[in-house]
$ cat query_37.csv   # CSV, C-alpha atoms and all ligand atoms
chain,number,residue,atom,x,y,z
A,6,MET,CA,-6.2,-0.3,-7.5
A,7,ARG,CA,-5.1,2.0,-4.7
A,8,ARG,CA,-6.1,5.6,-5.1
A,9,LYS,CA,-3.0,7.8,-4.9
A,10,LEU,CA,-2.6,10.4,-2.1
A,11,VAL,CA,-0.4,13.5,-2.2
A,12,VAL,CA,0.2,15.4,1.1
A,13,GLY,CA,1.9,18.7,1.4
A,14,ASN,CA,4.0,19.1,4.6
A,15,TRP,CA,4.4,22.8,5.0
A,16,LYS,CA,6.8,22.3,8.0
A,17,MET,CA,7.5,25.5,9.9
A,18,ASN,CA,6.7,27.8,6.9
A,19,GLY,CA,3.9,30.1,6.0
A,20,SER,CA,2.0,33.1,7.3
A,21,ARG,CA,-1.7,34.0,7.4
A,22,VAL,CA,-1.3,36.0,4.1
A,23,ALA,CA,0.9,33.4,2.4
A,24,ASN,CA,-1.4,30.5,3.4
A,25,ALA,CA,-4.5,32.3,2.1
A,26,GLU,CA,-2.8,32.9,-1.3
A,27,LEU,CA,-1.5,29.3,-1.5
A,28,LEU,CA,-4.9,27.8,-0.6
A,29,ALA,CA,-6.8,30.0,-3.0
A,30,ALA,CA,-4.5,28.9,-5.8
A,31,LEU,CA,-4.8,25.3,-4.9
A,32,LYS,CA,-8.6,25.4,-4.6
A,33,SER,CA,-8.9,26.9,-8.1
A,34,ALA,CA,-6.4,24.2,-9.4
A,35,SER,CA,-8.4,21.3,-7.8
A,36,PRO,CA,-9.8,18.7,-8.2
A,37,TRP,CA,-7.2,16.1,-9.2
A,38,ASP,CA,-7.4,12.4,-9.9
A,39,ALA,CA,-5.8,11.7,-6.5
A,40,ASP,CA,-6.6,12.5,-2.8
A,41,VAL,CA,-4.8,15.6,-1.7
A,42,ALA,CA,-4.1,17.1,1.7
A,43,VAL,CA,-2.0,19.8,3.3
A,44,CYS,CA,-0.4,19.5,6.8
A,45,ALA,CA,-0.2,23.0,8.2
A,46,PRO,CA,1.5,24.4,11.4
A,47,ALA,CA,-0.9,24.0,14.3
A,48,PRO,CA,-1.7,27.7,14.8
A,49,TYR,CA,-3.1,28.0,11.3
A,50,LEU,CA,-5.4,25.0,11.4
A,51,GLY,CA,-8.5,27.0,12.3
A,52,GLU,CA,-8.1,29.2,9.3
A,53,VAL,CA,-7.1,26.3,7.0
A,54,ALA,CA,-10.2,24.5,8.1
A,55,LEU,CA,-12.4,27.5,7.3
A,56,SER,CA,-10.8,27.9,3.9
A,57,LEU,CA,-10.9,24.2,2.9
A,58,GLN,CA,-14.3,23.3,4.4
A,59,GLY,CA,-16.4,21.7,1.6
A,60,GLU,CA,-13.4,21.8,-0.8
A,61,PHE,CA,-11.6,18.9,-2.5
A,62,ILE,CA,-8.5,19.3,-0.3
A,63,ALA,CA,-8.2,17.7,3.1
A,64,TRP,CA,-6.0,19.0,5.9
A,65,GLY,CA,-4.0,17.8,8.8
A,66,ALA,CA,-1.2,18.5,11.3
A,67,GLN,CA,2.5,17.7,11.5
A,68,ASP,CA,2.7,16.1,14.9
A,69,CYS,CA,0.5,15.3,17.9
A,70,SER,CA,1.1,14.4,21.5
A,71,ALA,CA,1.0,10.8,22.6
A,72,HIS,CA,-0.9,11.9,25.7
A,73,GLU,CA,-4.6,12.6,26.0
A,74,SER,CA,-4.4,15.9,27.9
A,75,GLY,CA,-2.8,17.5,30.9
A,76,ALA,CA,0.5,19.1,32.0
A,77,PHE,CA,2.4,18.9,28.7
A,78,THR,CA,3.4,22.5,27.9
A,79,GLY,CA,3.6,23.2,24.2
A,80,GLU,CA,2.1,20.0,23.1
A,81,VAL,CA,-1.1,19.7,20.9
A,82,SER,CA,-3.4,16.7,21.5
A,83,ALA,CA,-5.1,14.5,18.9
A,84,ALA,CA,-8.5,15.6,20.3
A,85,MET,CA,-7.7,19.2,19.5
A,86,LEU,CA,-6.6,18.4,16.0
A,87,ALA,CA,-9.9,16.4,15.5
A,88,GLU,CA,-11.8,19.4,16.7
A,89,PHE,CA,-10.4,21.4,13.8
A,90,GLY,CA,-11.4,18.8,11.3
A,91,CYS,CA,-8.0,17.4,10.6
A,92,LYS,CA,-8.1,14.1,8.6
A,93,TYR,CA,-4.4,13.4,8.9
A,94,VAL,CA,-1.5,13.8,11.3
A,95,ILE,CA,2.1,13.2,10.4
A,96,VAL,CA,3.9,11.2,13.2
A,97,GLY,CA,7.6,10.3,13.4
A,98,HIS,CA,8.9,12.7,10.7
A,99,SER,CA,12.7,12.4,10.7
A,100,GLU,CA,13.0,16.0,11.8
A,101,ARG,CA,11.1,15.1,14.9
A,102,ARG,CA,13.1,12.0,15.5
A,103,ALA,CA,16.4,13.8,15.0
A,104,TYR,CA,15.7,17.2,16.7
A,105,HIS,CA,13.3,16.1,19.4
A,106,ALA,CA,14.8,12.6,20.1
A,107,GLU,CA,11.5,10.8,19.3
A,108,SER,CA,11.9,7.1,19.8
A,109,ASP,CA,10.2,4.4,17.7
A,110,GLN,CA,7.9,3.6,20.6
A,111,LEU,CA,6.9,7.3,21.1
A,112,VAL,CA,6.1,7.5,17.4
A,113,ALA,CA,4.0,4.3,17.7
A,114,ASP,CA,2.2,5.8,20.8
A,115,LYS,CA,1.4,8.9,18.9
A,116,ALA,CA,-0.1,6.9,16.0
A,117,LYS,CA,-2.3,5.0,18.5
A,118,THR,CA,-3.5,8.2,20.1
A,119,ALA,CA,-4.2,9.7,16.7
A,120,LEU,CA,-6.3,6.6,15.6
A,121,GLU,CA,-8.3,6.8,18.9
A,122,HIS,CA,-9.4,10.2,17.7
A,123,ARG,CA,-10.2,9.1,14.2
A,124,LEU,CA,-7.3,10.8,12.6
A,125,THR,CA,-5.2,9.0,10.0
A,126,PRO,CA,-1.6,8.9,11.1
A,127,ILE,CA,1.0,9.3,8.4
A,128,VAL,CA,3.8,7.3,9.9
A,129,CYS,CA,7.2,8.3,8.6
A,130,VAL,CA,10.2,5.9,8.4
A,131,GLY,CA,13.6,6.4,6.7
A,132,GLU,CA,17.3,5.8,6.9
A,133,THR,CA,20.1,8.3,7.2
A,134,LEU,CA,22.9,8.4,4.6
A,135,THR,CA,25.3,6.6,7.0
A,136,GLU,CA,22.8,3.8,7.6
A,137,ARG,CA,22.2,3.4,3.8
A,138,GLU,CA,25.9,3.3,3.1
A,139,ALA,CA,26.4,0.7,5.8
A,140,GLY,CA,23.8,-1.4,4.1
A,141,HIS,CA,21.3,-1.1,6.9
A,142,THR,CA,18.4,0.6,5.1
A,143,ASP,CA,15.9,-2.4,5.3
A,144,GLU,CA,16.8,-3.1,8.9
A,145,VAL,CA,16.2,0.5,10.0
A,146,VAL,CA,12.9,1.0,8.2
A,147,LYS,CA,11.6,-2.4,9.4
A,148,ARG,CA,12.6,-1.6,13.0
A,149,GLN,CA,10.7,1.7,12.8
A,150,LEU,CA,7.6,0.2,11.3
A,151,SER,CA,7.7,-2.8,13.6
A,152,ALA,CA,7.2,-0.6,16.7
A,153,VAL,CA,4.0,0.7,15.1
A,154,ILE,CA,2.7,-2.7,14.1
A,155,HIS,CA,3.2,-4.1,17.6
A,156,THR,CA,1.5,-1.2,19.2
A,157,LEU,CA,-1.5,-1.0,16.8
A,158,GLY,CA,-2.1,-4.7,16.2
A,159,HIS,CA,-4.7,-5.1,13.4
A,160,CYS,CA,-5.4,-1.3,13.4
A,161,ILE,CA,-2.1,-1.0,11.5
A,162,ALA,CA,-4.3,-1.3,8.4
A,163,GLN,CA,-5.7,2.2,9.1
A,164,VAL,CA,-2.4,4.1,8.9
A,165,VAL,CA,-0.6,5.6,5.9
A,166,VAL,CA,3.1,4.9,5.8
A,167,ALA,CA,5.6,7.3,4.3
A,168,TYR,CA,9.1,6.3,3.3
A,169,GLU,CA,11.3,9.3,3.5
A,170,PRO,CA,15.1,8.7,3.2
A,171,VAL,CA,16.7,11.3,5.5
A,172,TRP,CA,19.4,12.0,2.9
A,173,ALA,CA,16.8,12.9,0.3
A,174,ILE,CA,14.9,15.4,2.4
A,175,GLY,CA,15.4,19.0,1.4
A,176,THR,CA,18.6,18.1,-0.3
A,177,GLY,CA,17.5,17.9,-3.9
A,178,LYS,CA,18.8,14.3,-3.9
A,179,THR,CA,15.8,12.1,-4.7
A,180,ALA,CA,15.9,8.4,-4.3
A,181,SER,CA,15.8,6.9,-7.8
A,182,PRO,CA,12.4,5.3,-8.6
A,183,GLU,CA,14.1,1.9,-8.3
A,184,GLN,CA,15.7,2.7,-4.9
A,185,ALA,CA,12.4,3.9,-3.5
A,186,GLN,CA,10.4,1.0,-5.0
A,187,ALA,CA,12.8,-1.5,-3.4
A,188,VAL,CA,12.2,-0.1,0.1
A,189,HIS,CA,8.4,0.3,-0.5
A,190,ALA,CA,8.3,-3.4,-1.4
A,191,VAL,CA,10.1,-4.3,1.8
A,192,LEU,CA,7.6,-2.2,3.8
A,193,ARG,CA,4.6,-3.8,1.9
A,194,ALA,CA,5.9,-7.3,2.7
A,195,GLN,CA,6.2,-6.4,6.4
A,196,LEU,CA,2.7,-5.0,6.4
A,197,LYS,CA,1.4,-8.2,4.6
A,198,ALA,CA,2.8,-10.3,7.5
A,199,ALA,CA,0.8,-8.1,9.9
A,200,THR,CA,-2.6,-7.5,8.1
A,201,GLU,CA,-4.6,-9.0,5.3
A,202,HIS,CA,-5.4,-5.4,4.2
A,203,ALA,CA,-1.8,-4.5,3.3
A,204,GLY,CA,-2.6,-4.5,-0.4
A,205,ASP,CA,-5.1,-1.6,0.3
A,206,MET,CA,-2.7,0.4,2.4
A,207,LYS,CA,-1.0,3.5,1.1
A,208,ILE,CA,2.8,3.9,1.2
A,209,LEU,CA,3.9,7.4,0.2
A,210,TYR,CA,7.4,8.4,-0.9
A,211,GLY,CA,8.9,11.7,0.4
A,212,GLY,CA,12.2,13.4,-0.2
A,213,SER,CA,12.8,16.1,-2.9
A,214,VAL,CA,9.7,15.1,-4.9
A,215,LYS,CA,9.3,17.8,-7.6
A,216,ALA,CA,7.1,18.3,-10.6
A,217,ASP,CA,9.7,16.7,-12.9
A,218,ASN,CA,10.3,13.5,-11.0
A,219,ALA,CA,6.9,12.9,-9.4
A,220,ALA,CA,5.4,10.9,-12.4
A,221,THR,CA,8.2,8.3,-12.5
A,222,LEU,CA,8.2,7.8,-8.7
A,223,PHE,CA,4.4,7.5,-8.6
A,224,ALA,CA,4.5,4.9,-11.5
A,225,GLN,CA,6.3,2.4,-9.3
A,226,ALA,CA,4.2,-0.6,-8.2
A,227,ASP,CA,4.3,0.1,-4.4
A,228,ILE,CA,4.5,3.9,-4.4
A,229,ASP,CA,1.0,5.3,-3.7
A,230,GLY,CA,1.7,9.0,-3.7
A,231,GLY,CA,4.0,11.5,-2.1
A,232,LEU,CA,4.7,13.5,1.1
A,233,ILE,CA,5.9,16.8,-0.3
A,234,GLY,CA,8.0,19.4,1.6
A,235,GLY,CA,9.5,22.4,-0.2
A,236,ALA,CA,7.5,21.9,-3.4
A,237,SER,CA,4.2,22.0,-1.5
A,238,LEU,CA,4.7,25.7,-0.7
A,239,LYS,CA,4.4,26.9,-4.3
A,240,ALA,CA,0.9,26.3,-5.8
A,241,SER,CA,2.1,25.7,-9.3
A,242,ASP,CA,4.6,23.1,-8.2
A,243,PHE,CA,2.2,21.3,-5.9
A,244,ASP,CA,-0.5,21.3,-8.5
A,245,ALA,CA,1.9,19.7,-11.0
A,246,ILE,CA,2.8,17.0,-8.5
A,247,CYS,CA,-0.9,16.4,-7.8
A,248,ARG,CA,-1.5,16.1,-11.5
A,249,ALA,CA,1.2,13.5,-11.8
A,250,ALA,CA,-0.7,11.3,-9.4
A,251,HIS,CA,-3.4,9.2,-10.9
A,301,LIG,P1,11.3,17.9,0.7
A,301,LIG,O1,10.2,17.6,-0.3
A,301,LIG,O2,11.5,19.4,0.9
A,301,LIG,O3,12.5,17.2,0.4
A,301,LIG,O4,10.8,17.4,2.1
A,301,LIG,C1,10.3,16.1,2.2
A,301,LIG,C2,9.6,15.9,3.5
A,301,LIG,O5,10.3,15.9,4.6
A,301,LIG,C3,8.2,15.8,3.6
A,301,LIG,O6,7.7,15.4,4.9

$ encode --input "query_37.csv" --output "structure tokens"
Amino acid sequence: MRRKLVVGNWKMNGSRVANAELLAALKSASPWDADVAVCAPAPYLGEVALSLQGEFIAWGAQDCSAHESGAFTGEVSAAMLAEFGCKYVIVGHSERRAYHAESDQLVADKAKTALEHRLTPIVCVGETLTEREAGHTDEVVKRQLSAVIHTLGHCIAQVVVAYEPVWAIGTGKTASPEQAQAVHAVLRAQLKAATEHAGDMKILYGGSVKADNAATLFAQADIDGGLIGGASLKASDFDAICRAAH
């Protein structure tokens, strides 16, 4: 039985005061019957680390560089994230793919660099509405995951995969549990062809997960938790989602 994982992706939200209030509320709501983490904007990681040290909640970042170090202005390295105690780093979020033109190979290289620094990459895949309507969903997510499988080899077993249909992110349109499960099953089958550990790997669903739809999504056979955007910014909502995961 895979233990569920719920990860809050704060995106470019928060402030020192707001983060302190949110984390205080989450700490008092914890623990849950699932693993829980929050992925904060990089400038806050030092304070998040101090706040969550020794607590039930892990923390991580929302992106990392594919490079080790050097002349890459504005980028944050996996080594730096590791120094701040990050357990996870999201790579290949659709907002990075869309607004920063990140290719499948760049995402795979980021996942590799993250693993080299003992961070667990949360590799996001997902189709746009146009791709879904054209019947290309499976092909798109398989192409995105395939780049990571080829780059990591047997180490693919160490990543967390997140299926986030682009049309469901921040739109209030959640994939139905059946739609999500169908894609998760495709991804699980692809992982099974790559590693004998596919049955132990976590595949999260993300895209308008809320307190009232989390339980049915998490009840699907291949959905092992969620990657939560908007609802991770409000302690009571995020707590309710974490409670739905067990
Ligand atoms: P929402 O939960 O706001 O739809 O965002 C999902 C997401 O992109 C998490 O990474």

$ closest_residue --input "query_37.csv" --among "A:Ser82, A:Thr200, A:Ser213, A:Ser108" --to "A:Gly177" --atoms "all atoms listed in the file"
A:Ser213

$ residues_near_ligand --input "query_37.csv" --ligand "ligand LIG 301 (chain A)" --cutoff "8 Å" --atoms "all atoms listed in the file" --output "MDAnalysis selection string"
chainID A and resid 13:14 16 98:100 169 171 173:177 179 211:215 232:237

$ residues_around --input "query_37.csv" --residues "A:Ala162" --least-positions-apart "6" --cutoff "10 Å" --atoms "all atoms listed in the file" --output "ChimeraX atom specification"
/A:154,196-197,199-207

$ closest_residue --input "query_37.csv" --among "A:Val165, A:Arg8, A:Trp172, A:Tyr210" --to "A:Gln186" --atoms "all atoms listed in the file"
A:Tyr210

$ atom_distance --input "query_37.csv" --atom1 "atom CA of A:Cys91" --atom2 "atom CA of A:Ala103"
25.1 Å

$ residues_around --input "query_37.csv" --residues "stretch 87-90 of chain A" --least-positions-apart "2" --cutoff "8 Å" --atoms "only C-alpha atoms" --output "ChimeraX atom specification"
/A:50-51,54,64-65,83-85,92,122-124

$ atom_distance --input "query_37.csv" --atom1 "atom CA of A:Ala30" --atom2 "atom CA of A:Arg7"
26.9 Å

$ residues_near_point --input "query_37.csv" --point "(-2.5, 13.4, 20.1)" --cutoff "12 Å" --atoms "all atoms listed in the file" --output "ChimeraX atom specification"
/A:66-75,77,80-88,91,93-96,111-126

$ write_last_selection --input "query_37.csv" --atoms "C-alpha atoms" --output "mmCIF file, keeping the file's coordinate frame"
data_model
loop_
_atom_site.group_PDB
_atom_site.id
_atom_site.type_symbol
_atom_site.label_atom_id
_atom_site.label_comp_id
_atom_site.auth_asym_id
_atom_site.auth_seq_id
_atom_site.Cartn_x
_atom_site.Cartn_y
_atom_site.Cartn_z
ATOM 1 C CA ALA A 66 -1.200 18.500 11.300
ATOM 2 C CA GLN A 67 2.500 17.700 11.500
ATOM 3 C CA ASP A 68 2.700 16.100 14.900
ATOM 4 C CA CYS A 69 0.500 15.300 17.900
ATOM 5 C CA SER A 70 1.100 14.400 21.500
ATOM 6 C CA ALA A 71 1.000 10.800 22.600
ATOM 7 C CA HIS A 72 -0.900 11.900 25.700
ATOM 8 C CA GLU A 73 -4.600 12.600 26.000
ATOM 9 C CA SER A 74 -4.400 15.900 27.900
ATOM 10 C CA GLY A 75 -2.800 17.500 30.900
ATOM 11 C CA PHE A 77 2.400 18.900 28.700
ATOM 12 C CA GLU A 80 2.100 20.000 23.100
ATOM 13 C CA VAL A 81 -1.100 19.700 20.900
ATOM 14 C CA SER A 82 -3.400 16.700 21.500
ATOM 15 C CA ALA A 83 -5.100 14.500 18.900
ATOM 16 C CA ALA A 84 -8.500 15.600 20.300
ATOM 17 C CA MET A 85 -7.700 19.200 19.500
ATOM 18 C CA LEU A 86 -6.600 18.400 16.000
ATOM 19 C CA ALA A 87 -9.900 16.400 15.500
ATOM 20 C CA GLU A 88 -11.800 19.400 16.700
ATOM 21 C CA CYS A 91 -8.000 17.400 10.600
ATOM 22 C CA TYR A 93 -4.400 13.400 8.900
ATOM 23 C CA VAL A 94 -1.500 13.800 11.300
ATOM 24 C CA ILE A 95 2.100 13.200 10.400
ATOM 25 C CA VAL A 96 3.900 11.200 13.200
ATOM 26 C CA LEU A 111 6.900 7.300 21.100
ATOM 27 C CA VAL A 112 6.100 7.500 17.400
ATOM 28 C CA ALA A 113 4.000 4.300 17.700
ATOM 29 C CA ASP A 114 2.200 5.800 20.800
ATOM 30 C CA LYS A 115 1.400 8.900 18.900
ATOM 31 C CA ALA A 116 -0.100 6.900 16.000
ATOM 32 C CA LYS A 117 -2.300 5.000 18.500
ATOM 33 C CA THR A 118 -3.500 8.200 20.100
ATOM 34 C CA ALA A 119 -4.200 9.700 16.700
ATOM 35 C CA LEU A 120 -6.300 6.600 15.600
ATOM 36 C CA GLU A 121 -8.300 6.800 18.900
ATOM 37 C CA HIS A 122 -9.400 10.200 17.700
ATOM 38 C CA ARG A 123 -10.200 9.100 14.200
ATOM 39 C CA LEU A 124 -7.300 10.800 12.600
ATOM 40 C CA THR A 125 -5.200 9.000 10.000
ATOM 41 C CA PRO A 126 -1.600 8.900 11.100
#

$ closest_residue --input "query_37.csv" --among "A:Ala245, A:Ile62, A:Ile228, A:Ala25" --to "A:Tyr49" --atoms "all atoms listed in the file"
A:Ala25

$ atom_distance --input "query_37.csv" --atom1 "atom CA of A:Ala34" --atom2 "atom CA of A:Asp244"
6.6 Å

$ decode --input "query_37.csv" --residues "stretch 142-159 of chain A" --atoms "N, CA, C and O atoms" --output "PDB file, in the first residue's frame"
ATOM      1  N   THR A 142      -3.989  13.349 -25.287  1.00  0.00           N
ATOM      2  CA  THR A 142      -3.572  13.374 -23.880  1.00  0.00           C
ATOM      3  C   THR A 142      -2.496  12.333 -23.563  1.00  0.00           C
ATOM      4  O   THR A 142      -1.432  12.673 -23.028  1.00  0.00           O
ATOM      5  N   ASP A 143      -2.757  11.076 -23.887  1.00  0.00           N
ATOM      6  CA  ASP A 143      -1.817  10.017 -23.518  1.00  0.00           C
ATOM      7  C   ASP A 143      -0.450  10.237 -24.170  1.00  0.00           C
ATOM      8  O   ASP A 143       0.594  10.099 -23.528  1.00  0.00           O
ATOM      9  N   GLU A 144      -0.515  10.599 -25.444  1.00  0.00           N
ATOM     10  CA  GLU A 144       0.730  10.818 -26.206  1.00  0.00           C
ATOM     11  C   GLU A 144       1.570  11.936 -25.567  1.00  0.00           C
ATOM     12  O   GLU A 144       2.788  11.810 -25.416  1.00  0.00           O
ATOM     13  N   VAL A 145       0.916  13.017 -25.144  1.00  0.00           N
ATOM     14  CA  VAL A 145       1.641  14.161 -24.577  1.00  0.00           C
ATOM     15  C   VAL A 145       2.275  13.793 -23.241  1.00  0.00           C
ATOM     16  O   VAL A 145       3.465  14.021 -23.021  1.00  0.00           O
ATOM     17  N   VAL A 146       1.497  13.198 -22.346  1.00  0.00           N
ATOM     18  CA  VAL A 146       2.069  12.906 -21.014  1.00  0.00           C
ATOM     19  C   VAL A 146       3.152  11.826 -21.126  1.00  0.00           C
ATOM     20  O   VAL A 146       4.156  11.874 -20.407  1.00  0.00           O
ATOM     21  N   LYS A 147       2.978  10.889 -22.046  1.00  0.00           N
ATOM     22  CA  LYS A 147       3.997   9.840 -22.217  1.00  0.00           C
ATOM     23  C   LYS A 147       5.297  10.426 -22.779  1.00  0.00           C
ATOM     24  O   LYS A 147       6.382  10.041 -22.371  1.00  0.00           O
ATOM     25  N   ARG A 148       5.160  11.392 -23.694  1.00  0.00           N
ATOM     26  CA  ARG A 148       6.367  12.031 -24.253  1.00  0.00           C
ATOM     27  C   ARG A 148       7.103  12.799 -23.144  1.00  0.00           C
ATOM     28  O   ARG A 148       8.320  12.712 -23.010  1.00  0.00           O
ATOM     29  N   GLN A 149       6.339  13.504 -22.300  1.00  0.00           N
ATOM     30  CA  GLN A 149       6.963  14.287 -21.228  1.00  0.00           C
ATOM     31  C   GLN A 149       7.668  13.375 -20.223  1.00  0.00           C
ATOM     32  O   GLN A 149       8.785  13.650 -19.797  1.00  0.00           O
ATOM     33  N   LEU A 150       7.012  12.277 -19.862  1.00  0.00           N
ATOM     34  CA  LEU A 150       7.610  11.357 -18.879  1.00  0.00           C
ATOM     35  C   LEU A 150       8.773  10.577 -19.492  1.00  0.00           C
ATOM     36  O   LEU A 150       9.769  10.291 -18.806  1.00  0.00           O
ATOM     37  N   SER A 151       8.658  10.260 -20.769  1.00  0.00           N
ATOM     38  CA  SER A 151       9.687   9.474 -21.434  1.00  0.00           C
ATOM     39  C   SER A 151      11.059  10.160 -21.386  1.00  0.00           C
ATOM     40  O   SER A 151      12.088   9.508 -21.172  1.00  0.00           O
ATOM     41  N   ALA A 152      11.076  11.484 -21.541  1.00  0.00           N
ATOM     42  CA  ALA A 152      12.352  12.209 -21.483  1.00  0.00           C
ATOM     43  C   ALA A 152      13.013  12.002 -20.121  1.00  0.00           C
ATOM     44  O   ALA A 152      14.236  11.835 -20.022  1.00  0.00           O
ATOM     45  N   VAL A 153      12.208  11.981 -19.072  1.00  0.00           N
ATOM     46  CA  VAL A 153      12.750  11.825 -17.713  1.00  0.00           C
ATOM     47  C   VAL A 153      13.228  10.388 -17.518  1.00  0.00           C
ATOM     48  O   VAL A 153      14.303  10.149 -16.946  1.00  0.00           O
ATOM     49  N   ILE A 154      12.463   9.434 -18.009  1.00  0.00           N
ATOM     50  CA  ILE A 154      12.851   8.019 -17.885  1.00  0.00           C
ATOM     51  C   ILE A 154      14.187   7.780 -18.604  1.00  0.00           C
ATOM     52  O   ILE A 154      15.099   7.145 -18.055  1.00  0.00           O
ATOM     53  N   HIS A 155      14.332   8.320 -19.800  1.00  0.00           N
ATOM     54  CA  HIS A 155      15.564   8.101 -20.555  1.00  0.00           C
ATOM     55  C   HIS A 155      16.762   8.751 -19.894  1.00  0.00           C
ATOM     56  O   HIS A 155      17.856   8.212 -19.906  1.00  0.00           O
ATOM     57  N   THR A 156      16.549   9.898 -19.282  1.00  0.00           N
ATOM     58  CA  THR A 156      17.665  10.618 -18.660  1.00  0.00           C
ATOM     59  C   THR A 156      18.061   9.996 -17.320  1.00  0.00           C
ATOM     60  O   THR A 156      19.241   9.951 -16.982  1.00  0.00           O
ATOM     61  N   LEU A 157      17.085   9.498 -16.576  1.00  0.00           N
ATOM     62  CA  LEU A 157      17.384   8.988 -15.223  1.00  0.00           C
ATOM     63  C   LEU A 157      17.693   7.495 -15.188  1.00  0.00           C
ATOM     64  O   LEU A 157      18.272   7.019 -14.214  1.00  0.00           O
ATOM     65  N   GLY A 158      17.282   6.753 -16.189  1.00  0.00           N
ATOM     66  CA  GLY A 158      17.491   5.299 -16.155  1.00  0.00           C
ATOM     67  C   GLY A 158      16.784   4.688 -14.950  1.00  0.00           C
ATOM     68  O   GLY A 158      15.642   5.075 -14.637  1.00  0.00           O
ATOM     69  N   HIS A 159      17.454   3.766 -14.247  1.00  0.00           N
ATOM     70  CA  HIS A 159      16.778   3.079 -13.136  1.00  0.00           C
ATOM     71  C   HIS A 159      16.437   4.034 -11.987  1.00  0.00           C
ATOM     72  O   HIS A 159      15.600   3.735 -11.150  1.00  0.00           O
TER      73      HIS A 159
END
